[in-house]
>>> print(open('final_5.cif').read())   # mmCIF, C-alpha atoms
data_input
loop_
_atom_site.label_atom_id
_atom_site.label_comp_id
_atom_site.auth_asym_id
_atom_site.auth_seq_id
_atom_site.Cartn_x
_atom_site.Cartn_y
_atom_site.Cartn_z
CA MET A 167 171.54 109.51 110.24
CA THR A 168 171.31 112.67 112.36
CA GLN A 169 174.40 113.86 114.20
CA LYS A 170 174.59 116.24 117.14
CA LEU A 171 177.42 117.58 119.30
CA ILE A 172 176.46 118.18 122.94
CA ARG A 173 178.89 120.32 124.93
CA GLY A 174 179.25 120.65 128.70
CA ARG A 175 181.09 119.20 131.65
CA LEU A 176 181.02 115.40 131.43
CA LEU A 177 180.95 112.92 134.31
CA SER A 178 180.74 109.15 133.90
CA PHE A 179 181.80 106.27 136.14
CA LYS A 180 184.14 103.44 135.14
CA ARG A 181 183.49 101.37 138.28
CA ALA A 182 182.34 101.73 141.87
CA PRO A 183 184.39 104.36 143.73
CA HIS A 184 186.32 103.11 146.77
CA SER A 185 186.65 106.52 148.45
CA LEU A 186 186.29 110.26 147.94
CA THR A 187 189.83 110.38 146.53
CA ASP A 188 189.30 107.52 144.05
CA THR A 189 189.70 109.61 140.89
CA ASP A 190 190.37 106.47 138.80
CA SER A 191 186.75 105.40 139.27
CA TYR A 192 185.33 108.11 137.02
CA ALA A 193 186.03 110.21 133.93
CA TYR A 194 185.51 113.96 134.16
CA GLU A 195 185.91 116.58 131.42
CA SER A 196 185.71 120.23 132.50
CA ASP A 197 184.98 121.22 128.87
CA GLY A 198 183.72 118.05 127.25
CA ALA A 199 181.53 116.99 124.38
CA LEU A 200 179.56 114.03 123.11
CA LEU A 201 179.11 113.32 119.42
CA ILE A 202 175.72 111.68 119.06
CA VAL A 203 175.13 109.70 115.88
CA GLY A 204 171.52 108.58 115.59
CA ASP A 205 170.57 107.31 119.04
CA ARG A 206 174.11 106.41 120.20
CA ILE A 207 177.13 108.08 121.71
CA SER A 208 179.80 107.91 119.00
CA VAL A 209 182.63 109.87 120.65
CA ALA A 210 183.11 111.26 124.16
CA GLY A 211 185.98 113.42 125.34
CA SER A 212 187.30 116.95 125.47
CA TYR A 213 185.44 119.49 123.35
CA GLY A 214 188.50 120.16 121.19
CA THR A 215 189.03 116.47 120.42
CA VAL A 216 185.39 115.71 119.69
CA LYS A 217 184.88 118.87 117.64
CA ALA A 218 187.88 117.96 115.45
CA ILE A 219 186.31 114.56 114.72
CA ALA A 220 182.77 115.84 114.18
CA PRO A 221 181.57 116.55 110.62
CA GLU A 222 181.65 120.17 109.50
CA GLY A 223 178.45 122.06 110.27
CA VAL A 224 177.22 119.51 112.85
CA GLU A 225 174.45 120.83 115.11
CA GLU A 226 175.89 121.94 118.44
CA VAL A 227 174.03 122.17 121.73
CA ASP A 228 176.02 124.08 124.36
CA HIS A 229 175.05 123.19 127.93
CA ARG A 230 177.98 124.91 129.62
CA PRO A 231 178.53 125.36 132.53
CA HIS A 232 176.16 122.52 133.39
CA LEU A 233 177.08 118.94 134.19
CA ILE A 234 176.19 116.13 131.75
CA LEU A 235 175.79 112.60 133.14
CA PRO A 236 174.18 109.38 131.99
CA GLY A 237 170.42 109.47 132.56
CA PHE A 238 169.32 108.38 136.01
CA ILE A 239 168.04 104.83 136.52
CA ASP A 240 165.25 104.00 139.00
CA MET A 241 165.26 100.35 140.05
CA HIS A 242 161.85 99.97 141.72
CA LEU A 243 158.61 101.91 141.46
CA HIS A 244 154.91 101.34 140.85
CA PHE A 245 153.37 102.80 137.71
CA PRO A 246 149.74 102.58 139.04
CA GLN A 247 150.55 104.43 142.27
CA MET A 248 150.89 107.99 141.00
CA GLN A 249 147.62 109.00 142.64
CA VAL A 250 148.33 107.40 146.02
CA ILE A 251 151.64 109.16 146.67
CA ALA A 252 151.36 111.22 149.89
CA SER A 253 148.60 109.05 151.41
CA TYR A 254 148.52 109.03 155.21
CA ALA A 255 148.81 105.59 156.83
CA ALA A 256 150.44 103.89 159.79
CA ASP A 257 152.52 101.35 157.92
CA LEU A 258 152.94 99.26 154.77
CA LEU A 259 150.00 96.86 155.13
CA GLU A 260 147.51 99.57 156.14
CA TRP A 261 148.74 101.76 153.27
CA LEU A 262 148.33 98.93 150.74
CA ASN A 263 144.84 97.96 151.87
CA THR A 264 143.49 101.49 152.39
CA TYR A 265 144.84 103.30 149.35
CA THR A 266 146.96 101.27 146.97
CA PHE A 267 144.88 98.22 146.20
CA PRO A 268 141.67 100.22 145.55
CA GLU A 269 143.61 102.57 143.24
CA GLU A 270 145.19 99.72 141.29
CA CYS A 271 141.74 98.27 140.58
CA ARG A 272 141.15 101.23 138.24
CA PHE A 273 143.84 99.99 135.86
CA VAL A 274 141.51 97.43 134.36
CA GLU A 275 140.32 100.39 132.26
CA SER A 276 142.64 100.91 129.30
CA GLU A 277 141.79 104.62 129.02
CA HIS A 278 142.78 105.26 132.63
CA ALA A 279 145.96 103.21 132.28
CA ALA A 280 146.97 105.13 129.13
CA ARG A 281 146.32 108.50 130.80
CA ILE A 282 148.45 107.65 133.84
CA ALA A 283 151.19 106.22 131.60
CA THR A 284 151.51 109.60 129.88
CA HIS A 285 151.88 111.38 133.22
CA PHE A 286 154.25 108.68 134.51
CA TYR A 287 156.75 109.12 131.70
CA ASP A 288 156.44 112.90 131.78
CA GLU A 289 157.35 112.83 135.45
CA LEU A 290 160.32 110.51 135.00
CA LEU A 291 161.77 112.66 132.25
CA ARG A 292 161.18 115.87 134.19
CA HIS A 293 163.34 114.42 136.96
CA GLY A 294 166.11 113.15 134.67
CA THR A 295 165.21 109.46 134.84
CA THR A 296 165.64 107.66 131.52
CA THR A 297 165.24 104.02 132.62
CA ALA A 298 163.15 102.43 135.37
CA ALA A 299 162.07 99.01 136.60
CA ALA A 300 158.36 99.29 137.29
CA TYR A 301 155.44 97.25 138.56
CA CYS A 302 152.23 97.54 136.58
CA SER A 303 148.93 96.36 138.08
CA VAL A 304 147.53 92.82 137.86
CA HIS A 305 145.73 93.77 134.64
CA LYS A 306 147.32 93.18 131.24
CA THR A 307 145.84 96.53 130.16
CA SER A 308 148.23 98.30 132.56
CA ALA A 309 151.27 96.55 131.09
CA ASP A 310 150.07 97.32 127.57
CA ALA A 311 149.77 101.03 128.43
CA PHE A 312 153.15 101.06 130.19
CA PHE A 313 155.08 99.48 127.33
CA ALA A 314 153.21 101.30 124.56
CA GLU A 315 154.17 104.66 126.05
CA ALA A 316 157.78 103.56 126.54
CA LEU A 317 157.90 102.50 122.90
CA THR A 318 156.50 105.85 121.75
CA ARG A 319 159.20 107.72 123.68
CA GLY A 320 162.06 105.37 122.79
CA MET A 321 162.87 104.69 126.44
CA CYS A 322 164.65 101.65 127.87
CA MET A 323 162.20 100.31 130.44
CA VAL A 324 161.71 97.19 132.54
CA GLY A 325 158.20 96.34 133.67
CA GLY A 326 155.82 93.54 134.45
CA LYS A 327 152.19 92.60 134.93
CA VAL A 328 151.85 91.93 138.63
CA MET A 329 150.92 88.39 139.67
CA MET A 330 148.62 88.20 142.73
CA ASP A 331 145.95 85.64 143.55
CA ARG A 332 145.13 86.21 147.24
CA ASN A 333 144.93 88.79 150.04
CA ALA A 334 143.74 91.63 147.81
CA PRO A 335 140.37 92.96 146.55
CA GLN A 336 138.56 90.79 144.01
CA GLY A 337 139.29 93.31 141.25
CA LEU A 338 143.03 92.79 141.79
CA LEU A 339 143.16 89.01 141.78
CA ASP A 340 144.16 86.68 138.98
CA THR A 341 144.81 82.92 139.20
CA PRO A 342 148.02 80.96 138.76
CA GLU A 343 146.92 80.00 135.25
CA MET A 344 145.83 83.52 134.30
CA SER A 345 149.00 85.10 135.67
CA TYR A 346 151.10 82.64 133.68
CA ASP A 347 149.12 83.08 130.46
CA GLU A 348 148.91 86.88 130.67
CA THR A 349 152.60 87.28 131.54
CA ARG A 350 153.43 85.12 128.50
CA ALA A 351 151.17 87.34 126.42
CA VAL A 352 152.91 90.49 127.69
CA ILE A 353 156.27 88.92 126.83
CA ALA A 354 155.06 88.02 123.33
CA ASP A 355 153.57 91.48 122.76
CA TRP A 356 156.28 93.69 124.24
CA HIS A 357 159.58 92.08 125.19
CA GLY A 358 162.28 93.23 122.79
CA ARG A 359 160.00 95.72 121.03
CA GLY A 360 161.90 98.97 120.95
CA ARG A 361 163.85 99.03 124.21
CA ASN A 362 161.23 97.21 126.30
CA HIS A 363 162.16 94.49 128.80
CA VAL A 364 159.43 92.43 130.47
CA ALA A 365 159.98 91.29 134.06
CA ILE A 366 158.32 88.34 135.79
CA THR A 367 156.54 90.11 138.66
CA PRO A 368 154.96 88.21 141.57
CA ARG A 369 154.10 91.15 143.85
CA PHE A 370 155.23 89.45 147.06
CA ALA A 371 154.69 86.19 148.87
CA ILE A 372 151.66 87.50 150.81
CA THR A 373 149.66 87.99 147.60
CA SER A 374 150.74 84.80 145.84
CA THR A 375 149.67 81.25 146.69
CA PRO A 376 152.18 78.42 146.32
CA GLY A 377 150.40 77.58 143.06
CA GLN A 378 151.12 81.04 141.70
CA MET A 379 154.73 80.89 142.88
CA LYS A 380 155.02 77.70 140.83
CA ALA A 381 153.62 79.61 137.84
CA ALA A 382 156.30 82.27 138.35
CA GLN A 383 158.89 79.49 138.58
CA ALA A 384 157.68 78.02 135.29
CA LEU A 385 157.99 81.42 133.62
CA ALA A 386 161.50 81.89 135.02
CA GLN A 387 162.53 78.49 133.65
CA GLU A 388 160.94 79.18 130.28
CA PHE A 389 162.42 82.69 129.97
CA PRO A 390 165.73 82.55 131.88
CA ASP A 391 166.99 85.88 130.49
CA LEU A 392 164.10 87.92 131.89
CA HIS A 393 164.32 90.01 135.04
CA ILE A 394 162.34 88.90 138.09
CA GLN A 395 161.07 91.55 140.50
CA THR A 396 159.30 91.21 143.82
CA HIS A 397 159.38 92.54 147.40
CA LEU A 398 161.31 91.15 150.37
CA SER A 399 161.43 91.91 154.10
CA GLU A 400 160.16 95.48 154.02
CA ASN A 401 158.23 95.53 157.30
CA HIS A 402 158.19 93.37 160.44
CA ASP A 403 154.42 92.72 160.28
CA GLU A 404 154.77 91.75 156.61
CA ILE A 405 157.54 89.28 157.49
CA ARG A 406 155.47 87.71 160.29
CA TYR A 407 152.41 87.33 158.05
CA THR A 408 154.51 85.90 155.23
CA MET A 409 155.94 83.22 157.51
CA GLU A 410 152.41 82.31 158.68
CA LEU A 411 151.47 81.75 155.04
CA TYR A 412 154.64 79.75 154.29
CA PRO A 413 155.37 77.97 157.61
CA GLU A 414 157.58 75.37 155.93
CA ALA A 415 160.07 78.03 154.76
CA THR A 416 163.26 78.71 156.73
CA ASP A 417 162.76 82.46 156.27
CA TYR A 418 161.26 84.96 153.81
CA THR A 419 164.16 84.68 151.34
CA ASP A 420 163.88 80.90 151.37
CA ILE A 421 160.39 81.16 149.84
CA TYR A 422 161.75 82.77 146.68
CA ALA A 423 164.74 80.43 146.61
CA HIS A 424 162.43 77.40 146.89
CA TYR A 425 160.62 78.46 143.73
CA GLY A 426 163.80 79.17 141.78
CA LEU A 427 163.31 82.93 141.75
CA LEU A 428 166.73 84.04 143.03
CA GLY A 429 169.35 84.88 140.42
CA LYS A 430 171.50 87.64 138.95
CA LYS A 431 168.47 89.31 137.37
CA THR A 432 166.30 89.18 140.51
CA LEU A 433 165.42 92.62 141.89
CA LEU A 434 164.22 92.48 145.49
CA GLY A 435 162.54 95.67 146.67
CA HIS A 436 163.52 96.83 150.18
CA ALA A 437 165.25 93.77 151.76
CA ILE A 438 165.71 95.78 154.96
CA HIS A 439 165.40 93.14 157.68
CA LEU A 440 167.61 90.29 156.50
CA SER A 441 169.25 87.64 158.64
CA GLU A 442 172.87 86.71 157.97
CA ARG A 443 171.64 83.53 156.30
CA GLU A 444 169.38 85.51 154.00
CA ALA A 445 172.14 87.97 153.08
CA ASP A 446 174.40 85.01 152.28
CA ALA A 447 171.68 83.51 150.09
CA LEU A 448 171.27 86.78 148.14
CA SER A 449 175.04 87.08 147.74
CA GLU A 450 175.45 83.53 146.49
CA ALA A 451 172.58 83.92 144.01
CA GLY A 452 173.81 87.33 142.83
CA ALA A 453 170.34 88.82 143.50
CA VAL A 454 169.95 92.57 143.98
CA ALA A 455 168.65 94.26 147.14
CA VAL A 456 166.93 97.45 145.99
CA HIS A 457 167.10 100.28 148.53
CA CYS A 458 164.04 102.58 148.57
CA PRO A 459 164.96 105.25 151.14
CA THR A 460 162.08 107.73 150.89
CA SER A 461 159.56 104.89 151.06
CA ASN A 462 161.31 103.21 153.99
CA LEU A 463 161.19 106.47 155.95
CA PHE A 464 157.66 107.47 154.88
CA LEU A 465 156.14 104.12 155.86
CA GLY A 466 158.38 103.70 158.90
CA SER A 467 159.65 100.39 157.55
CA GLY A 468 163.22 100.61 158.82
CA LEU A 469 166.78 101.70 158.04
CA PHE A 470 168.39 99.75 155.19
CA PRO A 471 171.95 98.68 156.17
CA MET A 472 173.40 99.44 152.74
CA LYS A 473 177.06 99.90 153.61
CA SER A 474 177.22 96.85 155.86
CA LEU A 475 175.59 94.68 153.16
CA MET A 476 178.08 95.92 150.57
CA ARG A 477 181.19 95.25 152.68
CA ARG A 478 180.24 91.76 153.95
CA GLU A 479 182.61 88.87 153.29
CA LYS A 480 179.80 87.75 151.00
CA PRO A 481 178.69 91.16 149.69
CA VAL A 482 175.13 91.76 148.56
CA ARG A 483 174.54 93.62 145.30
CA VAL A 484 172.68 96.87 146.03
CA ALA A 485 170.66 99.27 143.85
CA VAL A 486 168.61 102.39 144.63
CA ALA A 487 165.07 103.43 143.76
CA THR A 488 162.21 105.86 144.44
CA ASP A 489 159.45 103.28 145.10
CA ILE A 490 156.68 105.62 143.99
CA GLY A 491 154.05 105.73 145.50
CA GLY A 492 155.27 104.57 148.93
CA GLY A 493 158.24 106.74 148.08
CA SER A 494 157.66 110.46 148.29
CA SER A 495 159.67 111.84 145.34
CA TYR A 496 160.25 110.95 141.69
CA SER A 497 163.71 112.48 141.95
CA MET A 498 166.74 110.23 142.22
CA LEU A 499 168.58 113.22 143.71
CA ARG A 500 166.04 113.46 146.54
CA THR A 501 166.23 109.69 146.89
CA MET A 502 169.99 109.74 147.42
CA ASP A 503 169.69 112.61 149.90
CA GLU A 504 167.50 110.36 152.04
CA ALA A 505 169.82 107.39 151.46
CA TYR A 506 172.67 109.53 152.81
CA LYS A 507 170.68 110.39 155.94
CA ILE A 508 169.78 106.75 156.59
CA GLN A 509 173.44 105.78 156.49
CA GLN A 510 174.23 108.67 158.85
CA LEU A 511 171.68 107.32 161.33
CA LEU A 512 173.39 103.93 161.10
CA GLY A 513 176.80 105.47 161.80
CA GLU A 514 177.91 105.04 158.18
CA ARG A 515 179.02 107.46 155.43
CA LEU A 516 177.72 107.58 151.86
CA ASN A 517 179.91 109.89 149.81
CA PRO A 518 178.65 111.79 146.72
CA LEU A 519 180.75 109.75 144.30
CA GLU A 520 179.02 106.61 145.55
CA SER A 521 175.61 108.26 145.22
CA PHE A 522 176.10 109.34 141.61
CA TYR A 523 177.67 106.00 140.72
CA LEU A 524 174.61 104.21 142.14
CA MET A 525 172.13 106.40 140.23
CA THR A 526 173.92 105.75 136.93
CA ARG A 527 176.39 102.94 136.29
CA GLY A 528 175.67 101.14 139.57
CA ASN A 529 171.98 100.72 138.78
CA ALA A 530 172.84 99.81 135.17
CA GLU A 531 175.11 97.04 136.46
CA ALA A 532 172.36 95.88 138.81
CA LEU A 533 170.12 95.55 135.72
CA SER A 534 172.92 93.75 133.82
CA MET A 535 172.69 96.57 131.25
CA ALA A 536 175.91 98.56 131.74
CA ASP A 537 176.94 97.85 128.16
CA GLU A 538 173.84 99.75 127.01
CA ILE A 539 172.98 102.44 129.61
CA GLY A 540 174.43 104.13 132.67
CA THR A 541 177.68 105.48 131.19
CA LEU A 542 178.91 107.91 128.55
CA GLU A 543 180.93 105.21 126.80
CA PRO A 544 180.97 105.26 122.98
CA GLY A 545 178.49 102.76 121.58
CA THR A 546 176.01 103.11 124.42
CA ALA A 547 172.56 104.70 124.16
CA ALA A 548 172.56 108.51 124.28
CA ASP A 549 170.43 108.69 127.43
CA LEU A 550 171.62 111.77 129.31
CA VAL A 551 170.72 114.19 132.07
CA VAL A 552 171.97 117.78 132.24
CA LEU A 553 172.19 119.24 135.76
CA ASN A 554 172.43 122.85 136.96
CA ALA A 555 173.81 123.11 140.50
CA ALA A 556 172.74 126.79 140.67
CA SER A 557 169.12 126.12 139.69
CA THR A 558 167.52 127.77 142.74
CA PRO A 559 168.45 130.95 144.60
CA ALA A 560 169.64 128.97 147.64
CA MET A 561 171.74 126.64 145.48
CA ARG A 562 173.14 129.54 143.48
CA LEU A 563 174.28 131.21 146.71
CA ARG A 564 175.90 127.99 147.94
CA MET A 565 177.65 127.51 144.58
CA GLU A 566 179.55 130.75 145.21
CA THR A 567 181.58 128.85 147.81
CA VAL A 568 181.78 125.46 146.05
CA LYS A 569 185.37 124.77 145.02
CA THR A 570 185.43 121.14 143.84
CA LEU A 571 183.42 118.69 141.76
CA LEU A 572 182.73 116.60 144.88
CA GLU A 573 181.27 119.60 146.70
CA GLU A 574 179.08 120.32 143.67
CA LEU A 575 177.83 116.72 143.53
CA PHE A 576 176.98 116.79 147.22
CA LEU A 577 175.09 120.04 146.75
CA LEU A 578 173.16 118.53 143.83
CA GLN A 579 172.30 115.50 145.95
CA THR A 580 171.34 117.50 149.03
CA MET A 581 169.32 120.34 147.48
CA GLY A 582 168.59 119.26 143.91
CA ASP A 583 165.22 118.25 142.48
CA ASP A 584 163.34 118.51 139.16
CA ARG A 585 164.32 122.21 138.90
CA THR A 586 167.95 121.09 138.76
CA VAL A 587 167.34 119.08 135.58
CA VAL A 588 168.03 121.36 132.60
CA GLU A 589 167.38 118.67 129.99
CA THR A 590 166.86 114.95 129.68
CA TYR A 591 167.92 113.16 126.50
CA VAL A 592 166.50 109.80 125.45
CA ALA A 593 168.35 108.09 122.60
CA GLY A 594 169.83 111.46 121.64
CA LYS A 595 166.53 113.39 121.67
CA ALA A 596 165.79 116.23 124.10
CA MET A 597 162.76 114.96 126.01
CA LYS A 598 162.25 116.87 129.25
CA GLY A 599 159.23 118.54 127.74
CA GLY A 600 157.77 115.16 126.75
CA LEU A 601 157.21 114.14 123.14
CA ALA A 602 157.13 117.80 122.11
CA GLY A 603 160.85 117.84 122.92
CA GLU A 604 161.58 115.93 119.72
#
>>> encode(input="final_5.cif", output="structure tokens")
Amino acid sequence: MTQKLIRGRLLSFKRAPHSLTDTDSYAYESDGALLIVGDRISVAGSYGTVKAIAPEGVEEVDHRPHLILPGFIDMHLHFPQMQVIASYAADLLEWLNTYTFPEECRFVESEHAARIATHFYDELLRHGTTTAAAYCSVHKTSADAFFAEALTRGMCMVGGKVMMDRNAPQGLLDTPEMSYDETRAVIADWHGRGRNHVAITPRFAITSTPGQMKAAQALAQEFPDLHIQTHLSENHDEIRYTMELYPEATDYTDIYAHYGLLGKKTLLGHAIHLSEREADALSEAGAVAVHCPTSNLFLGSGLFPMKSLMRREKPVRVAVATDIGGGSSYSMLRTMDEAYKIQQLLGERLNPLESFYLMTRGNAEALSMADEIGTLEPGTAADLVVLNAASTPAMRLRMETVKTLLEELFLLQTMGDDRTVVETYVAGKAMKGGLAGE
């Protein structure tokens, strides 16, 4: 089994930080090292300690003075939307109908799906993202391409064949029976192969009839350990239309609750405009509200009240995501810069410890996978990102005056992007350059 010693400054979170001075929430080594055995972190600590334990002659990779963190985790994005990013539209529903739905129709072609999958994973790795929860298209071919590429690269990925049987072009519609059968086939073909996790994925209530929601419910009952992902309360027009389609429901959240789709592994994209009742329902179910800041701003959907949801008497679990292609950047650093600004507009503060916790351990906990990804703990997968806070001339100049780790993290969040990512490791292998990185 191959062994490798990776040296640099290490940062990993033990729990959510309570404040900027909460040094107990994270572990930091100014001259640290990781001993990687096979695809796992075997030892983490100071360089001297790890070097003394490592076998003689072990391969060393020296990333000093850069910062080594767990690989970033993206909790909500759309694999078929790479070619609709930066499409001009007034709002969510116009954007979907004008650009997104026609583009997703192309994913019936396996060759096209495989080509975009290659670019999709290249882009994630270039930006330091090692795990993501993604929507495929309605076609099983798209899910096959998505999971096949993840398997080739050894990445831990969550994804699902979208279920939609109304309010979309004919080429994007299935039926309740087809969506059930094809999701079961995707589960049989891919779930548990390599590091693949299949999610039950009704797109949102507008594009699913009650019959299809019952099919999703049947899948959730049959496969209770699977993630469920869908969209909730992103846009006021969307909410109004949803309630016209489901007039018997108390509110948008009640639709998903009625069909047994709310639980600890439910990932709800956006969830911006929630009533107190809805926030209580999410809290009681343990469901996750996934904040997509660049998308919310780009489509004018609204300002997600992250801090107020987190500090409620019944707190709501929160995660963060790019939401490509409504989102405008593949970078989790750019994503958290926009998340910071949204909280500023709401009169709240999001400190850099919270941001880096959310991108790593926080999102891993939201996926119920913190024992596998999101930290530098021994025994976990060696999924890592190496960051250079002096990667551009402007950042290098600012770094001359940076005195603390917190200032460096805030600089990385505010000005960092793909150029900041020195290397991305997946299961111990350097992968920023794609498969050639092996």
>>> closest_residue(input="final_5.cif", among="A:Ala415, A:Ala445, A:Ala382, A:Val324", to="Glu348 in chain A", atoms="only C-alpha atoms")
A:Ala382
>>> resolve_selection(input="final_5.cif", expression="the PyMOL selection byres ((chain A and resi 384-399) around 8)", output="ChimeraX atom specification")
/A:346,350,363-370,380-383,400-402,404-405,418-419,426-427,431-440
>>> residues_around(input="final_5.cif", residues="Cys322 in chain A", least_positions_apart="2", cutoff="10 Å", atoms="only C-alpha atoms", output="PyMOL selection string")
chain A and resi 239+296-299+313+316-317+319-320+324+360-363+538-539+547+549+592-593
>>> closest_atom_pairs(input="final_5.cif", of="range 514-533 of chain A", to="range 481-485 of chain A", cutoff="8 Å", atoms="all atoms listed in the file", output="tab-separated table")
residue	atom	partner	partner_atom	distance
A:Leu524	CA	A:Ala485	CA	6.6
A:Gly528	CA	A:Ala485	CA	6.8
A:Asn529	CA	A:Ala485	CA	5.4
A:Ala532	CA	A:Ala485	CA	6.3
>>> atom_distance(input="final_5.cif", atom1="CA of Arg477 in chain A", atom2="CA of Glu444 in chain A")
15.4 Å
>>> atom_distance(input="final_5.cif", atom1="CA of Asp310 in chain A", atom2="CA of Phe245 in chain A")
12.0 Å
>>> atom_distance(input="final_5.cif", atom1="CA of Thr373 in chain A", atom2="CA of Ala334 in chain A")
7.0 Å
>>> axis_aligned_box(input="final_5.cif", around="range 350-359 of chain A", padding_each_side="3 Å", output="AutoDock Vina command-line options")
--center_x 156.7 --center_y 90.4 --center_z 124.8 --size_x 17.1 --size_y 16.6 --size_z 13.5
>>> residues_around(input="final_5.cif", residues="Arg292 in chain A", least_positions_apart="4", cutoff="7 Å", atoms="only C-alpha atoms", output="ChimeraX atom specification")
/A:288,584,598
>>> resolve_selection(input="final_5.cif", expression="the PyMOL selection byres ((chain A and resi 199-203) around 10)", output="PyMOL selection string")
chain A and resi 167-176+195-198+204-217+219-221+224-229+234+542-545+547-548+593-595
>>> write_last_selection(input="final_5.cif", atoms="C-alpha atoms", output="PDB file, in the coordinates of the input")
ATOM      1  CA  MET A 167     171.540 109.510 110.240  1.00  0.00           C
ATOM      2  CA  THR A 168     171.310 112.670 112.360  1.00  0.00           C
ATOM      3  CA  GLN A 169     174.400 113.860 114.200  1.00  0.00           C
ATOM      4  CA  LYS A 170     174.590 116.240 117.140  1.00  0.00           C
ATOM      5  CA  LEU A 171     177.420 117.580 119.300  1.00  0.00           C
ATOM      6  CA  ILE A 172     176.460 118.180 122.940  1.00  0.00           C
ATOM      7  CA  ARG A 173     178.890 120.320 124.930  1.00  0.00           C
ATOM      8  CA  GLY A 174     179.250 120.650 128.700  1.00  0.00           C
ATOM      9  CA  ARG A 175     181.090 119.200 131.650  1.00  0.00           C
ATOM     10  CA  LEU A 176     181.020 115.400 131.430  1.00  0.00           C
ATOM     11  CA  GLU A 195     185.910 116.580 131.420  1.00  0.00           C
ATOM     12  CA  SER A 196     185.710 120.230 132.500  1.00  0.00           C
ATOM     13  CA  ASP A 197     184.980 121.220 128.870  1.00  0.00           C
ATOM     14  CA  GLY A 198     183.720 118.050 127.250  1.00  0.00           C
ATOM     15  CA  GLY A 204     171.520 108.580 115.590  1.00  0.00           C
ATOM     16  CA  ASP A 205     170.570 107.310 119.040  1.00  0.00           C
ATOM     17  CA  ARG A 206     174.110 106.410 120.200  1.00  0.00           C
ATOM     18  CA  ILE A 207     177.130 108.080 121.710  1.00  0.00           C
ATOM     19  CA  SER A 208     179.800 107.910 119.000  1.00  0.00           C
ATOM     20  CA  VAL A 209     182.630 109.870 120.650  1.00  0.00           C
ATOM     21  CA  ALA A 210     183.110 111.260 124.160  1.00  0.00           C
ATOM     22  CA  GLY A 211     185.980 113.420 125.340  1.00  0.00           C
ATOM     23  CA  SER A 212     187.300 116.950 125.470  1.00  0.00           C
ATOM     24  CA  TYR A 213     185.440 119.490 123.350  1.00  0.00           C
ATOM     25  CA  GLY A 214     188.500 120.160 121.190  1.00  0.00           C
ATOM     26  CA  THR A 215     189.030 116.470 120.420  1.00  0.00           C
ATOM     27  CA  VAL A 216     185.390 115.710 119.690  1.00  0.00           C
ATOM     28  CA  LYS A 217     184.880 118.870 117.640  1.00  0.00           C
ATOM     29  CA  ILE A 219     186.310 114.560 114.720  1.00  0.00           C
ATOM     30  CA  ALA A 220     182.770 115.840 114.180  1.00  0.00           C
ATOM     31  CA  PRO A 221     181.570 116.550 110.620  1.00  0.00           C
ATOM     32  CA  VAL A 224     177.220 119.510 112.850  1.00  0.00           C
ATOM     33  CA  GLU A 225     174.450 120.830 115.110  1.00  0.00           C
ATOM     34  CA  GLU A 226     175.890 121.940 118.440  1.00  0.00           C
ATOM     35  CA  VAL A 227     174.030 122.170 121.730  1.00  0.00           C
ATOM     36  CA  ASP A 228     176.020 124.080 124.360  1.00  0.00           C
ATOM     37  CA  HIS A 229     175.050 123.190 127.930  1.00  0.00           C
ATOM     38  CA  ILE A 234     176.190 116.130 131.750  1.00  0.00           C
ATOM     39  CA  LEU A 542     178.910 107.910 128.550  1.00  0.00           C
ATOM     40  CA  GLU A 543     180.930 105.210 126.800  1.00  0.00           C
ATOM     41  CA  PRO A 544     180.970 105.260 122.980  1.00  0.00           C
ATOM     42  CA  GLY A 545     178.490 102.760 121.580  1.00  0.00           C
ATOM     43  CA  ALA A 547     172.560 104.700 124.160  1.00  0.00           C
ATOM     44  CA  ALA A 548     172.560 108.510 124.280  1.00  0.00           C
ATOM     45  CA  ALA A 593     168.350 108.090 122.600  1.00  0.00           C
ATOM     46  CA  GLY A 594     169.830 111.460 121.640  1.00  0.00           C
ATOM     47  CA  LYS A 595     166.530 113.390 121.670  1.00  0.00           C
TER      48      LYS A 595
END
>>> closest_residue(input="final_5.cif", among="A:Gln247, A:Ser178, A:Thr266, A:Ser185", to="Ala536 in chain A", atoms="all atoms listed in the file")
A:Ser178
